[in-house]
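Contents: one structure, followed by commentary.
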Amino acid sequence: MASEQDKAAKEYDEAFADMASLRVTRAELSSMTDGELALWHAEQKPGSAEFILADHEWRSRLLAKQNRAIYGAAILGIVGVFVGVLLGWYVGS
């Protein structure tokens with residue numbers, strides 16, 4: 001049991017050291033275009049800190065696109081309600 005804990009601690013230490021030696025920051029990744037990020041991501045070793053950081057950047061970009069779509073749909077829905085109320089008022093008069 002102690003050997004599993006030692007192994008987990010060693011893996012954690014290695015991952016922490018890997019994160020400390022990142023060659024690129026999150027800000028640099030966010031300033032990359034999709035094409036540049038894709039090329040950079042493809043160069044990274046799966047499971048490395050850089051690979052995981054790039055995955056997080058992709059998820060962040062996807063979430064931002066989804067949020068824009070949700071807000072757009074909400075605004076369209078609100079406008080639709082107002083148009084419906086105005087049409088109902090006009091037809092009812």
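In the structure tokens, chains take the letters A, B, ... in the order shown, each chain's residues start at 1, and ligands count up from 1 in the order shown.
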Q.
If you run DSSP on the backbone here, which positions in chain A get helix (DSSP H, G or I)? Please write them as a ChimeraX atom specification.
A. /A:2-20,26-31,34-43,49-92
(Q) I'd like to know which of A:Val83, A:Ala9, A:Trp58, A:Gly47 is closest to A:Gly35, using only C-alpha atoms. (A) A:Trp58
Q. Restricting the calculation to only C-alpha atoms, which member of A:Ser93, A:Arg68, A:Leu63, A:Glu57 is positioned closest to A:Ala27?
A.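 Looking at the shortest contact to A:Ala27, the residue is A:Glu57.
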Q: Please indicate the distance in Å from atom CA of A:Leu53 to atom CA of A:Arg26, rounded to one decimal place.
A: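 Calculated distance between atom CA of A:Leu53 and atom CA of A:Arg26 is 7.3 Å.
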